[in-house]
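Remarks on the structure that follows.
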Amino acid sequence: MSGDAILTLSDVSISFARGDRTTQAVDRLSFAMARGECLALVGESGSGKSVTALALLGLLPKQGTRISGSARFDGAELLHGGAARVRGRRIAIVFQDPLSALSPYHRVGAQIAESFTIGGVATSDADPKVIAALAAVDLLSPAEVARAFPHQLSGGQRQRVCLAMAMACEPELIILDEPTTALDVTVQLSILDLIARQMRARRMSVLFITHDLGAAASLADRVLVLYGGRRCEWGTSEEVLSAPRHPYTAALLAALPRSDHPSGTPLAAIPGRFDRSSLSGGCAFAPRCAVAEPRCRESRPMAAPSAIRLVDCHLHNDGGGA
Ligand code: SF4
């Protein structure tokens with residue numbers, strides 16, 4: 001990564017203690033994002049993607065949560081209390097479910113105006129800036145939308161409102177946490193297209209959290225694949241999604257339905273399921289990996305930090321690829 005990294009995570013670990021049980025949600029995660037880049041964090045449910053996003057914004061519950069490592073945004077530490085200084089102003093987030101992200105008691109215009117106010121720009125709900133923000137996310141009749149309550153809008157309209165709120169302060173970094181998962185397929189495509197256009201127009205950096213490899217391919221410059229809170233593979237979207245080197249990435253891609261397969265062809269499901277209790281000092285994917293070796297259960301694979309394309313797999317790091 002060049003010196004122009006906007007976000008750099010180094011050895012970030014996050015665990016939750018409940019009674020006498022500790023759950024390791026993120027385990028020594030390191031990556032960096034360049035300014036203006038879209039990086040997709042990809043993985044199944046439980047892979048640690050959303051927990052990472054919440055930690056970056058200081059939104060995890062304090063009680064029982066242990067965080068170690070470092071996450072630097074434009075040089076300033078975000079973890080251990082630092083996120084509050086930039087949350088909403090320099091870093092914004094869009095969540096999966098727009099209905100719960102919006103207040104049901106306030107009109108949309110008032111909620112957008114509040115986002116501007118957080119950024120230090122005083123507005124009212126009928127301010128031209130509010131109407132322009134709604135128009136910028138392709139909402140027809142933005143003045144009408146500004147007067148509406150969230151329950152009067154469709155799911156796609158609500159998610160556009162959330163995007164408008166997130167962009168109101170012109171943040172340098174937007175975190176999109178599964179922003180299209182709750183929407184119909186056609187609406188998903190139009191929202192992804194909107195995000196891509198806004199990213200280019202505003203030169204925003206985007207951390208795109210998704211389990212959808214197709215969405216990652218359409219939006220991201222680079223992709224980082226997570227499994228069990230650990231990094232598997234990190235490279236350009238084309239490298240990772242066209243020529244995966246980590247067995248987990250390859251298995252995820254093989255499990256996708258393909259239009260060139262005859263109908264009725266069974267999908268290549270990944271055997272077994274993720275079981276956090278089976279995480280050990282070895283490779284997190286070892287219990288499900290078709291090419292695991294004895295050493296995979298004994299030592300954790302970690303790519304050399306200097307590698308251009310990082311693949312945390314013993315076979316790849318032998319030099320022969322996986
Ligand atoms: Fe499979 Fe071993 Fe590579 Fe893990 S380190 S992905 S178990 S081959």
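Here's how to read the names in the structure tokens: chain A, B, ... by the order shown, residue numbers from 1 in each chain, ligand numbers from 1 in the order shown.
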At a cut-off of 10 Å, using only C-alpha atoms, what residues contact range 299-311 of chain A? Leave out same-chain residues fewer than 6 positions from it and give the result as a ChimeraX atom specification. /A:1,30-31,224-225,230-236,239-240,244-247,280-284,286,317,321-322
For the residues in that selection, give me C-alpha atoms as a PDB file, in the first residue's frame.
```pdb
ATOM      1  CA  MET A   1       0.000   0.000   0.000  1.00  0.00           C
ATOM      2  CA  SER A  30      -4.756  -6.514   8.840  1.00  0.00           C
ATOM      3  CA  PHE A  31      -5.462  -4.607   5.636  1.00  0.00           C
ATOM      4  CA  LEU A 224     -10.646  -9.165   0.992  1.00  0.00           C
ATOM      5  CA  VAL A 225     -12.147 -12.545   1.846  1.00  0.00           C
ATOM      6  CA  ARG A 230      -9.533 -14.214   9.796  1.00  0.00           C
ATOM      7  CA  ARG A 231      -8.284 -12.953   6.474  1.00  0.00           C
ATOM      8  CA  CYS A 232      -8.074 -15.574   3.690  1.00  0.00           C
ATOM      9  CA  GLU A 233      -7.165 -13.645   0.603  1.00  0.00           C
ATOM     10  CA  TRP A 234      -6.755 -10.027  -0.472  1.00  0.00           C
ATOM     11  CA  GLY A 235      -6.121  -8.719  -3.965  1.00  0.00           C
ATOM     12  CA  THR A 236      -7.722  -6.899  -6.867  1.00  0.00           C
ATOM     13  CA  GLU A 239      -7.413 -11.461  -9.323  1.00  0.00           C
ATOM     14  CA  VAL A 240      -9.466 -12.760  -6.414  1.00  0.00           C
ATOM     15  CA  PRO A 244      -8.849 -17.357  -6.589  1.00  0.00           C
ATOM     16  CA  ARG A 245      -5.844 -18.833  -4.819  1.00  0.00           C
ATOM     17  CA  HIS A 246      -7.292 -19.565  -1.394  1.00  0.00           C
ATOM     18  CA  PRO A 247      -9.332 -22.801  -1.226  1.00  0.00           C
ATOM     19  CA  SER A 280      -7.763 -23.522  16.643  1.00  0.00           C
ATOM     20  CA  GLY A 281      -4.243 -22.302  16.305  1.00  0.00           C
ATOM     21  CA  GLY A 282      -4.241 -23.718  12.778  1.00  0.00           C
ATOM     22  CA  CYS A 283      -6.122 -22.591   9.676  1.00  0.00           C
ATOM     23  CA  ALA A 284      -9.740 -21.602  10.416  1.00  0.00           C
ATOM     24  CA  ALA A 286      -9.094 -26.581   7.840  1.00  0.00           C
ATOM     25  CA  ASN A 317       2.851 -19.738   0.590  1.00  0.00           C
ATOM     26  CA  GLY A 321      -0.351 -21.868  -5.345  1.00  0.00           C
ATOM     27  CA  ALA A 322      -3.420 -23.511  -3.931  1.00  0.00           C
TER      28      ALA A 322
END
```
Any chance you could list, as number ranges by chain, the residues in range 1-208 of chain A that come up strand (DSSP E) when DSSP is run on the backbone? A: 5-18, 21-34, 38-42, 65-73, 76-77, 91-94, 173-177, 205-208
Would you mind writing down, as a count of residues only, each residue of range 201-310 of chain A that DSSP on the backbone assigns to alpha helix (DSSP H)? 23
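The gap separating CA of Leu7 in chain A from CA of Arg72 in chain A is 5.6 Å, in Å to one decimal.
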Between A:Ser190, A:Ala92, A:Ser15, A:Leu256, which is the closest to Gly214 in chain A once you count only C-alpha atoms?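 Among the listed residues, the smallest separation from Gly214 in chain A belongs to A:Leu256.
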For Gly156 in chain A, list every protein, DNA or RNA residue within 12 Å, evaluated using only C-alpha atoms, and leave out those in the same chain fewer than 5 positions away; present the list as a PDB file with C-alpha atoms, in the first residue's frame.
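Output file out-v3.pdb is given in full below:
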```pdb
ATOM      1  CA  GLN A  96     -28.562  -3.285   5.769  1.00  0.00           C
ATOM      2  CA  ASP A  97     -32.021  -2.433   7.101  1.00  0.00           C
ATOM      3  CA  PRO A  98     -33.010   1.149   6.293  1.00  0.00           C
ATOM      4  CA  LEU A  99     -36.249   0.940   8.255  1.00  0.00           C
ATOM      5  CA  VAL A 137     -29.753   9.741  -4.873  1.00  0.00           C
ATOM      6  CA  ASP A 138     -32.212   9.540  -7.777  1.00  0.00           C
ATOM      7  CA  LEU A 139     -35.355  10.030  -5.701  1.00  0.00           C
ATOM      8  CA  PRO A 150     -40.030   6.446   6.507  1.00  0.00           C
ATOM      9  CA  HIS A 151     -42.966   4.003   6.631  1.00  0.00           C
ATOM     10  CA  VAL A 161     -32.563   8.231   1.931  1.00  0.00           C
ATOM     11  CA  CYS A 162     -29.956   6.478   4.125  1.00  0.00           C
ATOM     12  CA  LEU A 163     -27.347   7.001   1.391  1.00  0.00           C
ATOM     13  CA  PRO A 179     -26.706  -2.149   1.763  1.00  0.00           C
ATOM     14  CA  THR A 180     -28.718  -4.113  -0.801  1.00  0.00           C
ATOM     15  CA  THR A 181     -29.325  -7.422   0.968  1.00  0.00           C
ATOM     16  CA  ALA A 182     -32.843  -6.507   2.132  1.00  0.00           C
ATOM     17  CA  LEU A 183     -33.935  -5.280  -1.324  1.00  0.00           C
ATOM     18  CA  ASP A 184     -35.435  -6.888  -4.445  1.00  0.00           C
ATOM     19  CA  VAL A 185     -32.921  -7.874  -7.128  1.00  0.00           C
ATOM     20  CA  THR A 186     -33.872  -5.081  -9.550  1.00  0.00           C
ATOM     21  CA  VAL A 187     -33.694  -2.481  -6.781  1.00  0.00           C
ATOM     22  CA  GLN A 188     -30.337  -3.935  -5.677  1.00  0.00           C
ATOM     23  CA  LEU A 189     -28.906  -3.314  -9.142  1.00  0.00           C
ATOM     24  CA  SER A 190     -30.098   0.277  -9.279  1.00  0.00           C
ATOM     25  CA  ILE A 191     -28.722   0.997  -5.787  1.00  0.00           C
ATOM     26  CA  LEU A 192     -25.339  -0.519  -6.711  1.00  0.00           C
ATOM     27  CA  LEU A 194     -26.121   4.705  -7.776  1.00  0.00           C
TER      28      LEU A 194
END
```
I want to know what sits within 12 Å of Leu9 in chain A, based on only C-alpha atoms, with residues of the same chain fewer than 3 positions away left out; could you give that as a ChimeraX atom specification? /A:1,5-6,12-13,26-33,52-53,55-56,68-79,231
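Proximity to Phe208 in chain A at 9 Å, evaluated using only C-alpha atoms and with sequence-adjacent residues fewer than 2 positions away removed, yields Cys38, Leu39, Ala40, Leu41, Val42, Ile174, Ile175, Leu176, Asp177, Glu178, Pro179, Val206, Thr210, Ala216, Leu219 and Ala220 of chain A.
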Output N, CA, C and O atoms of each residue in that selection to a file, as a CSV table (one decimal), in the first residue's frame.
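Everything below was put into part_11.csv:
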```csv
chain,number,residue,atom,x,y,z
A,38,CYS,N,-12.5,1.4,-3.5
A,38,CYS,CA,-13.6,0.6,-2.9
A,38,CYS,C,-13.1,-0.8,-2.6
A,38,CYS,O,-12.6,-1.5,-3.5
A,39,LEU,N,-13.0,-1.1,-1.3
A,39,LEU,CA,-12.6,-2.4,-0.9
A,39,LEU,C,-13.8,-3.2,-0.4
A,39,LEU,O,-14.6,-2.7,0.4
A,40,ALA,N,-14.0,-4.4,-0.9
A,40,ALA,CA,-15.1,-5.3,-0.5
A,40,ALA,C,-14.6,-6.2,0.6
A,40,ALA,O,-13.6,-6.9,0.3
A,41,LEU,N,-15.2,-6.2,1.7
A,41,LEU,CA,-15.0,-7.3,2.7
A,41,LEU,C,-16.0,-8.4,2.5
A,41,LEU,O,-17.2,-8.1,2.7
A,42,VAL,N,-15.6,-9.5,2.1
A,42,VAL,CA,-16.5,-10.6,1.7
A,42,VAL,C,-16.4,-11.8,2.6
A,42,VAL,O,-15.3,-12.2,3.0
A,174,ILE,N,-17.0,5.9,3.3
A,174,ILE,CA,-18.4,5.4,3.6
A,174,ILE,C,-18.3,3.9,3.8
A,174,ILE,O,-17.6,3.2,3.0
A,175,ILE,N,-18.9,3.4,4.9
A,175,ILE,CA,-18.9,2.0,5.1
A,175,ILE,C,-20.3,1.5,4.7
A,175,ILE,O,-21.3,2.1,5.2
A,176,LEU,N,-20.4,0.6,3.8
A,176,LEU,CA,-21.7,0.1,3.4
A,176,LEU,C,-21.8,-1.3,3.9
A,176,LEU,O,-21.1,-2.2,3.4
A,177,ASP,N,-22.7,-1.5,4.8
A,177,ASP,CA,-22.8,-2.8,5.5
A,177,ASP,C,-24.0,-3.6,4.9
A,177,ASP,O,-25.2,-3.4,5.3
A,178,GLU,N,-23.8,-4.4,3.9
A,178,GLU,CA,-24.8,-5.2,3.2
A,178,GLU,C,-26.0,-4.2,2.7
A,178,GLU,O,-27.1,-4.5,3.1
A,179,PRO,N,-25.7,-3.2,2.0
A,179,PRO,CA,-26.7,-2.1,1.8
A,179,PRO,C,-27.8,-2.6,0.9
A,179,PRO,O,-28.9,-1.9,0.8
A,206,VAL,N,-14.7,3.7,-0.2
A,206,VAL,CA,-15.8,2.9,0.3
A,206,VAL,C,-15.4,1.5,0.8
A,206,VAL,O,-14.6,0.8,0.1
A,210,THR,N,-20.1,-7.3,2.2
A,210,THR,CA,-21.1,-8.0,1.5
A,210,THR,C,-20.8,-9.5,1.6
A,210,THR,O,-19.7,-9.9,1.8
A,216,ALA,N,-19.8,-7.6,-5.1
A,216,ALA,CA,-18.4,-7.2,-4.9
A,216,ALA,C,-17.7,-6.9,-6.2
A,216,ALA,O,-16.9,-6.0,-6.4
A,219,LEU,N,-18.6,-3.6,-7.9
A,219,LEU,CA,-18.3,-2.3,-7.2
A,219,LEU,C,-16.9,-2.1,-6.8
A,219,LEU,O,-16.3,-1.0,-6.8
A,220,ALA,N,-16.2,-3.2,-6.4
A,220,ALA,CA,-15.0,-3.1,-5.6
A,220,ALA,C,-13.7,-3.1,-6.5
A,220,ALA,O,-13.7,-3.8,-7.5
```
Nearest residue to ligand 1 from the set A:Gly272, A:Ile14, A:Tyr227, A:Ser154 (distances using only C-alpha atoms and all ligand atoms):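 Looking only at the distances to ligand 1, the closest residue turns out to be A:Tyr227.
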Leaving out Leu252 in chain A and any residue of its chain fewer than 5 positions from it, which residues lie within 9 Å of it when counting only C-alpha atoms, given as a list of chain:residue names?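 After dropping sequence-adjacent residues, the list is A:Gly43, A:Leu213, A:Pro247, A:Ala268, A:Ala269, A:Ile270.
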Could the residues in this selection be saved with N, CA and C atoms as a PDB file, in the first residue's frame?
```
ATOM      1  N   GLY A  43     -17.535 -12.349   2.941  1.00  0.00           N
ATOM      2  CA  GLY A  43     -17.514 -13.569   3.751  1.00  0.00           C
ATOM      3  C   GLY A  43     -18.925 -13.947   4.142  1.00  0.00           C
ATOM      4  N   LEU A 213     -20.755 -12.088  -3.875  1.00  0.00           N
ATOM      5  CA  LEU A 213     -19.546 -11.941  -4.687  1.00  0.00           C
ATOM      6  C   LEU A 213     -19.827 -11.167  -5.979  1.00  0.00           C
ATOM      7  N   PRO A 247      -8.289 -21.785  -1.034  1.00  0.00           N
ATOM      8  CA  PRO A 247      -9.332 -22.801  -1.226  1.00  0.00           C
ATOM      9  C   PRO A 247     -10.721 -22.340  -0.796  1.00  0.00           C
ATOM     10  N   ALA A 268     -22.072 -26.665  -6.097  1.00  0.00           N
ATOM     11  CA  ALA A 268     -20.962 -27.297  -5.366  1.00  0.00           C
ATOM     12  C   ALA A 268     -20.893 -26.708  -3.962  1.00  0.00           C
ATOM     13  N   ALA A 269     -21.708 -27.247  -3.069  1.00  0.00           N
ATOM     14  CA  ALA A 269     -21.753 -26.695  -1.711  1.00  0.00           C
ATOM     15  C   ALA A 269     -20.445 -26.975  -0.974  1.00  0.00           C
ATOM     16  N   ILE A 270     -20.071 -26.054  -0.074  1.00  0.00           N
ATOM     17  CA  ILE A 270     -18.879 -26.269   0.749  1.00  0.00           C
ATOM     18  C   ILE A 270     -19.264 -27.257   1.845  1.00  0.00           C
TER      19      ILE A 270
END
```
If you count only C-alpha atoms, which residues fall within 9 Å of Glu37 in chain A, apart from same-chain ones fewer than 6 positions away, as a PyMOL selection string? chain A and resi 199+203-207+220-222
With N, CA and C atoms kept, could you save the residues just selected as a PDB file, in the first residue's frame?
```
ATOM      1  N   MET A 199     -19.639   7.240  -5.895  1.00  0.00           N
ATOM      2  CA  MET A 199     -18.236   7.004  -5.532  1.00  0.00           C
ATOM      3  C   MET A 199     -17.308   7.759  -6.481  1.00  0.00           C
ATOM      4  N   ARG A 203     -15.451  11.022  -5.309  1.00  0.00           N
ATOM      5  CA  ARG A 203     -14.119  10.469  -5.021  1.00  0.00           C
ATOM      6  C   ARG A 203     -14.039   9.939  -3.590  1.00  0.00           C
ATOM      7  N   MET A 204     -15.110   9.244  -3.189  1.00  0.00           N
ATOM      8  CA  MET A 204     -15.166   8.695  -1.831  1.00  0.00           C
ATOM      9  C   MET A 204     -14.423   7.369  -1.765  1.00  0.00           C
ATOM     10  N   SER A 205     -13.902   7.065  -0.592  1.00  0.00           N
ATOM     11  CA  SER A 205     -13.409   5.718  -0.316  1.00  0.00           C
ATOM     12  C   SER A 205     -14.591   4.924   0.237  1.00  0.00           C
ATOM     13  N   VAL A 206     -14.695   3.675  -0.167  1.00  0.00           N
ATOM     14  CA  VAL A 206     -15.848   2.872   0.253  1.00  0.00           C
ATOM     15  C   VAL A 206     -15.377   1.525   0.788  1.00  0.00           C
ATOM     16  N   LEU A 207     -15.800   1.204   1.994  1.00  0.00           N
ATOM     17  CA  LEU A 207     -15.584  -0.134   2.549  1.00  0.00           C
ATOM     18  C   LEU A 207     -16.922  -0.855   2.404  1.00  0.00           C
ATOM     19  N   ALA A 220     -16.237  -3.223  -6.387  1.00  0.00           N
ATOM     20  CA  ALA A 220     -14.975  -3.071  -5.644  1.00  0.00           C
ATOM     21  C   ALA A 220     -13.746  -3.071  -6.541  1.00  0.00           C
ATOM     22  N   ASP A 221     -12.751  -2.269  -6.142  1.00  0.00           N
ATOM     23  CA  ASP A 221     -11.435  -2.328  -6.788  1.00  0.00           C
ATOM     24  C   ASP A 221     -10.679  -3.549  -6.274  1.00  0.00           C
ATOM     25  N   ARG A 222     -10.782  -3.751  -4.960  1.00  0.00           N
ATOM     26  CA  ARG A 222     -10.100  -4.901  -4.368  1.00  0.00           C
ATOM     27  C   ARG A 222     -11.066  -5.639  -3.457  1.00  0.00           C
TER      28      ARG A 222
END
```
Between A:Thr249, A:Gln157, A:Thr65, A:Ser278, single out the one closest to ligand 1, counting only C-alpha atoms and all ligand atoms.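 Looking at the shortest contact to ligand 1, the residue is A:Thr249.
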